[in-house]
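Remarks on the structure that follows.
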Amino acid sequence: MSLRFIQDRSAFHRTSAIGRLLAGGIQLPVIAVLLGGVGVLALYSVVGGSMEPYATSHLVRLLAGIGLLLLSALLPARFWLLASVPLYVLSLMALAAVPVLGVTISGAQRWLDLGILTLQPAELMKLSLVLVLAYSYQRLPPHVVSRPLAVLLALTLTLVPAVLVLEQPDLGTAMLIGACGLTLMFAAGVNGLYFVAGALTVGILAPVIWSGLHDYQRERILVFLDPERDLLGAGYQVFQSRIALAAGGLSGKGFLQGTQTQLDFVPENHTDFVLSLIGEEHGFIGTAGVLGLFAALMLTLILSIWRTRGRFQRLVVTGVSVLFFLHVSVNVAMVMGLLPVVGVPLPLISFGGSSLLTALAALGVAMSMQADGAADLAPNRRASWRLSRG
Amino acid sequence: MFEMETAEARLTRRMTRRAMLIGGAQAGVLGFLALKLYDVQVVYGRRYALLADENRIDVQLLPARRGEIRDRNGVVLAESREDLRVTIVPATAGRIEVTLDRLRKLIDITDQEREEILALAGKVGRFQPIVVRRGLNWETFAHINVQLPQLPGVETSIGWRRAYWRGSDVGHIVGYVGRADRREIADAPVRRLPDQRVGKSGLELGMESELAGSPGVIRREVDARGRVVRELAREAPRAGRDLVLTIDSTLQGKVLERLRKVGLGAVVALDATSGDVLTMASTPTFDTQRLAEGISADEWRELVNEPGHPLASKATRGEYPPASTFKLVTALAGLEARVVDPTTVITCRGSIEHGGHRFGCWASGGHGPVRLHEALKHSCDVYFYTVARKLGINRLAEMSHQLGLGQTYPCGLADLRPGLVPDPLWKLALKNKPWYGGETLLAGIGQGFVLATPLQLAVMTARVATGREVVPRLVKADPMALARPRLMPVKAAWLKAIRRGLEGVVNEPGGTANGAALMGVSARLAGKTGTAQVARLGSYSGADEPPGNLRDHSLFVGYAPAEAPRFAVAAVVEHGGAGSKTAAPLVRDVMRDLFVQFVPELVAQPVLMDPSPSTDQSRGG
């Protein structure tokens, strides 16, 4: 009797917050806390074994972020549906405000100073974009999804923030936003021919894009092609990072023993290159473990769409998974020198408030989608805030 | 409606398919990345590990050449010499004994040194280079460099070594360098490096930021055997600034010789017109070169505890009661405040009453009626008691400051003592007691609380002699920036009256330093004696002098030529007795040295023999 009650998640989630969280996939916050904890340890070690200046701050943000995650998960899917457009507009405005009101950190304007925290609107935009695209495809009737106007709409929604981010300048995030938008369009079922055509266009336009890049971005790409090109500049990071990873071997040098990364040989070792520290101290076992946790996170999300009906919910869940995937894969590839250094953090682990909070909020939203996975949010039907079994 | 449902169902199926495709791609990419990580970390790990573990990317600091210090004639006093050295890194040396024995064929390493190096190799970090030998000659250095491939872990490097010349003559001024202590490292972490030295005293300390320069950096990749594979970047060090001093080190040596003959103390000679410190001698001295080479803890303790305090310069850190030399201040303050004028007559009956206490004149019989000129010439205490009482302590303190007492100067030395110019606020703050009128009287003759360093006394003398706000300087200024010191806002007539009195002290019969007149130089010395009581006033009569450390300090301040002052000299001889007895002849001799050195045309004949020190009849003031 009680067993059946638990299995009947939908019945349970109507009655209690805990039930709702269980229905949303309680393994998600568990994995997130594990990864966040790895981050705290790494940031503790990166300064030779001290909570300051990074670890404490990361821990506090992690706890705050878990709160945000739970709140996002408890909010009904319908809330996120209704909030998606306002959130997108807000993010767009914040992005547009950066060049005017932003704070410049290490040569790039990416932050807005909100008094208590400096916000990176680009991080917020990633989640907003997922929501707004999911919202669009929820609203569009199935047979118009692949019509040119619909594709143009989705492209515009994606490219406007991508261009704004590119202006900051932040090539990595801009490409990430673009890739995320395109993947969502693909997930939404847009005709495959569009993607083939798009790929061809990019191939033709590549030289034009090249000329529009900043010198340092070009330099990064060139160094990517030939890391020996500038061992002390752009190539240095990658070179040092690889040495650090290699120094870890299979099982690592041990916690707090990462001389390469701790000794500041690897620049940005507390942000984008944090994986090289983990790799040096905990070896391949450590990095593979981290990768495994991320894989569990993404695949849990993707696989949950079997249990999810609404297009909005499915696309949001897919989008969150894709966001994590893009960040993790680009970051790991970058740390190994397989991709240019483009400044993409490792979610939940790299030091940085906006990135951490957005990642956790995104997981919360995905949980909300799963909890209300069966709810029919179709706009042309009257759906109450109280969710029915549909 | 039905068709819509079908379209929707078709789209849903497609979405599911594509989501699974995305999921598959994700799994594939992550799997690929995991494989690549395995590749980088485990398969090629060993190869990279050599780079990372044994030598990684090696960041070496190139020590900057510390600025040289020369005297005014270009004589090198502190020098940075290239030091060729050979070091060994235990981590890369393999079997360090074998390497050392191979190295022994090229340079002499005694068995004891070998043991020390091996012991050290066990103690310090594996990557910490151990100095095997410093100060190699080029030939040996080149030999070792050729052999380096056969000597794993052995490195050669070029560093800097501080060398001092005439260290026991100018050591107090130039100072010395040493390894940084914890606090100094906190100020600049680069000082942690074994090759870095920081100034510990004198100009080496005071001018540290100018002298030190900033180190350069070499980043290089080194292979497992410690061989440099390639240099990645080099940032050249920036050498420190060279300093040229105002000091004449030859003269300094001569003055020290004279000072050593009479005992412990200090002599400061200024160019009164510019403030250039020509000589600043203090005894006993110590050899800075020995300190630079490194001395044992025992030797250091001995040096610190030596009763004469050789490490501290008495010229800048010795604070003495200025005694009667302070009467320059009291006189000028009295005249400026119109408390007296040069014609005011005060009658000295050997003592003066104040607040129920008797304040005696050094001449217990009294000087009778005296004016300013006689008061200075005979150093009449009663005259200056009276002036000080009329002035009050605050006006006296004000003039003290104006003449350069109670303050330090920005002359490049960091450890100047400020002396003490007392006033009621100071006493209240320090002793929580009110100021008594009698203390003003004592201050008026430079006793009581008043303290001054020999450097300050020289400045005071130069200021009275020239009427300008002379500030001492040890480092030669940019000739373009040379400006004469400002005139002090005091009446020229008053200064003139005082100077006449000071001339009388030396050159008129009955002056307290009558025996100290310059001879063989066509210039006249003017000055003022001082005798600082160490024992209580009046415990000994002038006739039988107390022995040893109860004897008075002997002081003299003077300038010459009297009519157009060029040099100002102050001397303090600890327990030297009366100012007239020891300090005054010393200043006379130093003054003659100054003329011989700088204005030989005024020296009438070469002085072959020092006239015997004048045996003055009385305790001069």
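As shown in the structure tokens, the chain order sets the letters A, B, ...; within each chain, residues go from 1, and ligands are also counted from 1 in the order they appear.
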
Next on the checklist: When DSSP is applied to the backbone of this structure, which of region 221-376 of chain A are assigned helix (DSSP H, G or I)? Write them out as a ChimeraX atom specification.
Outcome noted: /A:221-225,227-230,234-248,259-262,274-307,311-336,353-371

Item to check | Long-range neighbours of Gln27 (chain A) as a ChimeraX atom specification, 9 Å cut-off, only C-alpha atoms, 4 positions minimum in chain | outcome: /A:22,31-32,297,300

Please save C-alpha atoms of the selected residues as a PDB file, in the first residue's frame.
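For reference, out35.pdb as written:
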ATOM      1  CA  LEU A  22      11.617  13.231  -5.104  1.00  0.00           C
ATOM      2  CA  ILE A  31      25.334  14.961  -7.541  1.00  0.00           C
ATOM      3  CA  ALA A  32      25.490  18.743  -7.590  1.00  0.00           C
ATOM      4  CA  LEU A 297      23.936  14.407 -14.228  1.00  0.00           C
ATOM      5  CA  THR A 300      19.761  11.452 -15.855  1.00  0.00           C
TER       6      THR A 300
END

Checklist entry - Pick the closest to chain A from B:Gly446, B:Glu79, B:Thr99, B:Arg220: which is it, counting only C-alpha atoms? => result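 Ranking B:Gly446, B:Glu79, B:Thr99, B:Arg220 by distance to chain A, first place goes to B:Arg220.
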
Item to check | All residues 7 Å or closer to Ala269 (chain B), only C-alpha atoms, same chain fewer than 2 positions away omitted, as a count of residues only | outcome: 11

Item to check | Residues of chain A within 9 Å of chain B, only C-alpha atoms counted, as a ChimeraX atom specification | outcome: /A:141-143,183,186-189,231-232,240,242-250,259-260,265,279-280,283-284,287-288,291-292,294-295,298-299,302-303,305-306,309,311,314-315,318,321-322,325-326,328-329,332-333,336

For the residues selected in the previous step, produce a file with C-alpha atoms as a short mmCIF file (atom, residue, chain, number, x, y, z; two decimals), in the first residue's frame.
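New file out39.cif:
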data_model
loop_
_atom_site.label_atom_id
_atom_site.label_comp_id
_atom_site.auth_asym_id
_atom_site.auth_seq_id
_atom_site.Cartn_x
_atom_site.Cartn_y
_atom_site.Cartn_z
CA PRO A 141 1.86 24.45 -33.32
CA PRO A 142 3.73 21.25 -34.27
CA HIS A 143 3.42 21.71 -38.00
CA THR A 183 21.05 22.11 -30.11
CA PHE A 186 17.54 20.39 -33.12
CA ALA A 187 15.94 18.85 -30.04
CA ALA A 188 12.70 20.66 -30.83
CA GLY A 189 12.50 18.82 -34.10
CA LEU A 231 54.66 29.06 -24.80
CA LEU A 232 54.73 31.99 -22.47
CA GLN A 240 51.37 23.96 -17.95
CA ARG A 242 48.96 19.37 -19.51
CA ILE A 243 52.09 19.00 -17.44
CA ALA A 244 50.00 19.22 -14.30
CA LEU A 245 47.53 16.63 -15.56
CA ALA A 246 50.32 14.33 -16.52
CA ALA A 247 52.02 14.77 -13.19
CA GLY A 248 48.92 13.29 -11.59
CA GLY A 249 49.20 10.01 -13.43
CA LEU A 250 46.66 7.39 -12.53
CA THR A 259 52.99 21.50 -6.86
CA GLN A 260 52.43 22.48 -10.47
CA PHE A 265 52.46 27.44 -12.80
CA GLY A 279 44.07 15.90 -12.20
CA GLU A 280 47.43 16.55 -10.63
CA GLY A 283 45.11 11.62 -11.05
CA PHE A 284 43.02 10.07 -13.75
CA THR A 287 39.26 13.50 -13.30
CA ALA A 288 37.37 10.44 -14.49
CA LEU A 291 33.60 13.36 -15.54
CA GLY A 292 31.48 10.41 -14.40
CA PHE A 294 28.81 15.05 -14.82
CA ALA A 295 27.83 12.23 -17.15
CA MET A 298 23.45 14.93 -17.98
CA LEU A 299 22.20 11.47 -18.79
CA ILE A 302 18.18 13.39 -20.87
CA LEU A 303 16.71 10.04 -19.94
CA ILE A 305 12.30 12.91 -20.94
CA TRP A 306 10.87 9.42 -21.26
CA ARG A 309 5.26 14.71 -21.67
CA ARG A 311 7.18 19.93 -24.96
CA ARG A 314 11.14 18.18 -22.27
CA LEU A 315 12.98 21.00 -23.98
CA THR A 318 17.19 18.76 -22.57
CA SER A 321 21.53 18.84 -19.93
CA VAL A 322 23.01 20.43 -23.03
CA PHE A 325 27.41 19.09 -21.48
CA LEU A 326 28.73 22.06 -23.44
CA VAL A 328 31.99 20.34 -19.24
CA SER A 329 33.17 19.13 -22.62
CA VAL A 332 37.81 19.54 -20.27
CA ALA A 333 38.94 19.74 -23.87
CA MET A 336 43.80 19.17 -22.16
#

Item to check | Option closest in space to Thr308 (chain A), from A:Leu131, A:Val38, A:Ile209, A:Ala375 [counting only C-alpha atoms] | outcome: A:Ala375

Next on the checklist: Which residues are near Val590 (chain B)? Cut-off 12 Å, only C-alpha atoms, ignore same chain within fewer than 3 positions. Put them as a PyMOL selection string.
Outcome noted: chain B and resi 251-259+266-270+278-281+516+518+525+556-560+567-571+583-587+593-597+610

Just want the 9 Å neighbourhood of Pro342 (chain B), counted on only C-alpha atoms, with same-chain residues fewer than 6 positions away dropped. Output as an mmCIF file with C-alpha atoms, in the first residue's frame.
data_model
loop_
_atom_site.group_PDB
_atom_site.id
_atom_site.type_symbol
_atom_site.label_atom_id
_atom_site.label_comp_id
_atom_site.auth_asym_id
_atom_site.auth_seq_id
_atom_site.Cartn_x
_atom_site.Cartn_y
_atom_site.Cartn_z
ATOM 1 C CA LEU B 335 67.690 87.954 21.464
ATOM 2 C CA ARG B 371 77.008 90.992 28.496
ATOM 3 C CA LEU B 372 76.220 88.441 25.794
ATOM 4 C CA HIS B 373 79.779 88.491 24.440
ATOM 5 C CA TRP B 494 71.579 88.847 16.579
ATOM 6 C CA ALA B 497 76.484 89.202 17.971
ATOM 7 C CA ILE B 498 76.471 85.521 18.811
#

Item to check | Nearby residues (only C-alpha atoms) at most 7 Å from region 150-165 of chain B, same-chain spacing under 6 positions excluded, as a list in words | outcome: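 Those residues are Pro63, Arg65, Val76, Leu77, Ala78, Glu79, Ser80, Arg81, Glu82, Asp83, Leu84, Arg85, Val86, Thr87, Ile88, Val89, Pro90, Thr92, Ala93, Gly94, Thr99, Arg225, Gly226, Thr288, Gln289 and Ala292 of chain B.
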
Checklist entry - Of the residues B:Glu563, B:Glu235, B:Glu293, B:Glu319, which is the one nearest to Leu451 (chain B), using only C-alpha atoms? => result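 Nearest to Leu451 (chain B): B:Glu319.
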
Checklist entry - Between CA of Pro307 (chain B) and CA of Asp552 (chain B), what is the distance, to one decimal in Å? => result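 These atoms are spaced 17.6 Å apart.
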
Expected answer as a short mmCIF file (atom, residue, chain, number, x, y, z; two decimals) with all heavy atoms, in the first residue's frame: strand (DSSP E) residues in region 268-493 of chain B:
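File selection09.cif, as written:
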data_model
loop_
_atom_site.label_atom_id
_atom_site.label_comp_id
_atom_site.auth_asym_id
_atom_site.auth_seq_id
_atom_site.Cartn_x
_atom_site.Cartn_y
_atom_site.Cartn_z
N VAL B 268 81.28 65.18 13.76
CA VAL B 268 80.53 65.40 12.52
C VAL B 268 81.02 66.69 11.92
O VAL B 268 81.06 67.72 12.59
CB VAL B 268 79.01 65.48 12.78
CG1 VAL B 268 78.28 65.76 11.48
CG2 VAL B 268 78.51 64.21 13.42
N ALA B 269 81.43 66.63 10.65
CA ALA B 269 81.86 67.84 9.96
C ALA B 269 80.95 68.09 8.76
O ALA B 269 80.76 67.20 7.93
CB ALA B 269 83.31 67.68 9.49
N LEU B 270 80.37 69.28 8.73
CA LEU B 270 79.45 69.62 7.64
C LEU B 270 80.07 70.71 6.77
O LEU B 270 80.83 71.55 7.26
CB LEU B 270 78.14 70.19 8.19
CG LEU B 270 77.26 69.34 9.09
CD1 LEU B 270 76.02 70.13 9.43
CD2 LEU B 270 76.91 68.05 8.40
N ASP B 271 79.72 70.69 5.51
CA ASP B 271 79.89 71.89 4.71
C ASP B 271 78.72 72.79 5.12
O ASP B 271 77.57 72.51 4.80
CB ASP B 271 79.81 71.53 3.22
CG ASP B 271 80.04 72.75 2.34
OD1 ASP B 271 79.59 73.84 2.74
OD2 ASP B 271 80.65 72.60 1.28
N VAL B 277 77.50 66.41 4.42
CA VAL B 277 78.24 65.82 5.54
C VAL B 277 79.59 65.35 5.00
O VAL B 277 79.64 64.45 4.17
CB VAL B 277 77.47 64.65 6.16
CG1 VAL B 277 78.24 64.10 7.35
CG2 VAL B 277 76.08 65.08 6.59
N LEU B 278 80.66 65.99 5.45
CA LEU B 278 81.97 65.66 4.91
C LEU B 278 82.60 64.50 5.67
O LEU B 278 83.30 63.68 5.10
CB LEU B 278 82.88 66.89 4.99
CG LEU B 278 82.32 68.11 4.24
CD1 LEU B 278 83.17 69.33 4.53
CD2 LEU B 278 82.27 67.84 2.75
N THR B 279 82.30 64.47 6.95
CA THR B 279 82.83 63.41 7.79
C THR B 279 81.82 63.16 8.89
O THR B 279 81.23 64.10 9.41
CB THR B 279 84.16 63.85 8.42
OG1 THR B 279 85.17 63.84 7.43
CG2 THR B 279 84.57 62.92 9.54
N MET B 280 81.62 61.90 9.18
CA MET B 280 80.76 61.59 10.31
C MET B 280 81.36 60.36 10.97
O MET B 280 81.14 59.24 10.55
CB MET B 280 79.34 61.32 9.83
CG MET B 280 78.33 61.32 10.96
SD MET B 280 76.66 61.62 10.37
CE MET B 280 76.32 60.05 9.60
N ALA B 281 82.17 60.62 11.97
CA ALA B 281 82.96 59.55 12.56
C ALA B 281 82.41 59.20 13.94
O ALA B 281 81.90 60.06 14.65
CB ALA B 281 84.41 59.99 12.68
N SER B 282 82.49 57.94 14.26
CA SER B 282 82.06 57.48 15.56
C SER B 282 82.97 56.35 15.99
O SER B 282 83.32 55.49 15.19
CB SER B 282 80.61 57.00 15.48
OG SER B 282 80.25 56.27 16.63
N THR B 283 83.38 56.36 17.23
CA THR B 283 84.21 55.25 17.74
C THR B 283 83.46 54.53 18.84
O THR B 283 82.66 55.16 19.53
CB THR B 283 85.55 55.77 18.29
OG1 THR B 283 85.28 56.86 19.17
CG2 THR B 283 86.48 56.19 17.17
N ILE B 346 74.06 91.36 32.81
CA ILE B 346 73.55 90.55 33.90
C ILE B 346 74.72 90.24 34.82
O ILE B 346 75.82 89.89 34.35
CB ILE B 346 72.93 89.24 33.35
CG1 ILE B 346 71.65 89.58 32.58
CG2 ILE B 346 72.61 88.26 34.49
CD1 ILE B 346 71.07 88.42 31.80
N THR B 347 74.51 90.38 36.09
CA THR B 347 75.62 90.20 37.03
C THR B 347 75.62 88.77 37.57
O THR B 347 74.61 88.28 38.07
CB THR B 347 75.50 91.18 38.21
OG1 THR B 347 75.37 92.48 37.68
CG2 THR B 347 76.74 91.08 39.09
N CYS B 348 76.75 88.13 37.41
CA CYS B 348 76.89 86.76 37.89
C CYS B 348 77.60 86.76 39.22
O CYS B 348 78.73 87.20 39.34
CB CYS B 348 77.68 85.94 36.87
SG CYS B 348 78.17 84.30 37.50
N SER B 351 75.91 82.16 41.45
CA SER B 351 74.72 81.30 41.50
C SER B 351 73.47 82.16 41.39
O SER B 351 73.53 83.40 41.42
CB SER B 351 74.68 80.49 42.80
OG SER B 351 74.41 81.36 43.88
N ILE B 352 72.35 81.51 41.23
CA ILE B 352 71.09 82.23 41.09
C ILE B 352 70.04 81.42 41.84
O ILE B 352 70.09 80.19 41.88
CB ILE B 352 70.73 82.42 39.59
CG1 ILE B 352 69.46 83.27 39.44
CG2 ILE B 352 70.58 81.08 38.89
CD1 ILE B 352 69.14 83.57 37.99
N GLU B 353 69.09 82.12 42.49
CA GLU B 353 68.03 81.46 43.24
C GLU B 353 66.79 81.32 42.37
O GLU B 353 66.42 82.24 41.64
CB GLU B 353 67.65 82.33 44.46
CG GLU B 353 68.66 82.31 45.60
CD GLU B 353 68.56 81.06 46.47
OE1 GLU B 353 67.41 80.59 46.70
OE2 GLU B 353 69.59 80.53 46.87
N HIS B 354 66.20 80.16 42.41
CA HIS B 354 64.90 80.04 41.74
C HIS B 354 64.06 78.99 42.47
O HIS B 354 64.51 77.85 42.63
CB HIS B 354 65.04 79.65 40.27
CG HIS B 354 63.71 79.59 39.56
ND1 HIS B 354 63.15 80.70 38.97
CD2 HIS B 354 62.83 78.58 39.40
CE1 HIS B 354 61.98 80.35 38.44
NE2 HIS B 354 61.75 79.08 38.71
N HIS B 357 65.56 76.94 45.11
CA HIS B 357 66.76 76.16 44.80
C HIS B 357 67.86 77.10 44.34
O HIS B 357 67.59 78.16 43.77
CB HIS B 357 66.47 75.14 43.69
CG HIS B 357 65.58 74.03 44.15
ND1 HIS B 357 66.03 72.94 44.84
CD2 HIS B 357 64.23 73.88 44.02
CE1 HIS B 357 65.01 72.15 45.11
NE2 HIS B 357 63.90 72.70 44.63
N ARG B 358 69.10 76.65 44.55
CA ARG B 358 70.23 77.45 44.12
C ARG B 358 70.79 76.83 42.84
O ARG B 358 71.01 75.62 42.79
CB ARG B 358 71.30 77.46 45.20
CG ARG B 358 72.22 78.68 45.18
CD ARG B 358 73.25 78.53 46.30
NE ARG B 358 74.16 77.42 46.00
CZ ARG B 358 75.30 77.58 45.29
NH1 ARG B 358 75.66 78.76 44.82
NH2 ARG B 358 76.08 76.54 45.06
N PHE B 359 70.91 77.64 41.82
CA PHE B 359 71.48 77.14 40.56
C PHE B 359 72.84 77.77 40.39
O PHE B 359 72.96 78.98 40.19
CB PHE B 359 70.58 77.48 39.38
CG PHE B 359 69.28 76.72 39.41
CD1 PHE B 359 68.21 77.19 40.17
CD2 PHE B 359 69.14 75.53 38.72
CE1 PHE B 359 67.03 76.47 40.22
CE2 PHE B 359 67.97 74.82 38.77
CZ PHE B 359 66.89 75.28 39.52
N GLY B 360 73.89 76.92 40.49
CA GLY B 360 75.25 77.46 40.49
C GLY B 360 75.81 77.66 39.10
O GLY B 360 75.44 76.98 38.15
N GLY B 368 80.84 88.20 37.63
CA GLY B 368 80.57 89.63 37.74
C GLY B 368 79.60 90.06 36.66
O GLY B 368 78.87 89.24 36.10
N PRO B 369 79.60 91.38 36.34
CA PRO B 369 78.66 91.85 35.30
C PRO B 369 79.11 91.35 33.91
O PRO B 369 80.26 91.55 33.53
CB PRO B 369 78.75 93.37 35.40
CG PRO B 369 80.03 93.65 36.11
CD PRO B 369 80.40 92.47 36.92
N VAL B 370 78.19 90.64 33.20
CA VAL B 370 78.54 90.15 31.85
C VAL B 370 77.48 90.56 30.84
O VAL B 370 76.29 90.64 31.17
CB VAL B 370 78.70 88.62 31.81
CG1 VAL B 370 79.96 88.18 32.54
CG2 VAL B 370 77.49 87.92 32.40
#

Next on the checklist: Need the shell around Gly352 (chain A): protein/DNA/RNA residues with any atom at most 12 Å away, counting only C-alpha atoms. Skip same-chain ones fewer than 4 positions apart. Format as an MDAnalysis selection string?
Outcome noted: chainID A and resid 36 39:40 43 54:55 57:62 111 117:120 123 268 270:272 274 344:348 356:359

Checklist entry - What does the distance between CA of Glu219 (chain A) and CA of Gly181 (chain A) come to in Å, to one decimal place? => result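 Separation between CA of Glu219 (chain A) and CA of Gly181 (chain A): 26.6 Å.
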
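Counting from CA of Gly65 (chain A), the distance to CA of Ala361 (chain A) is 6.9 Å.
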
Checklist entry - Closest to Ser241 (chain A) among A:Leu277, A:Val89, A:Leu164, A:Val98, using only C-alpha atoms? => result A:Leu277
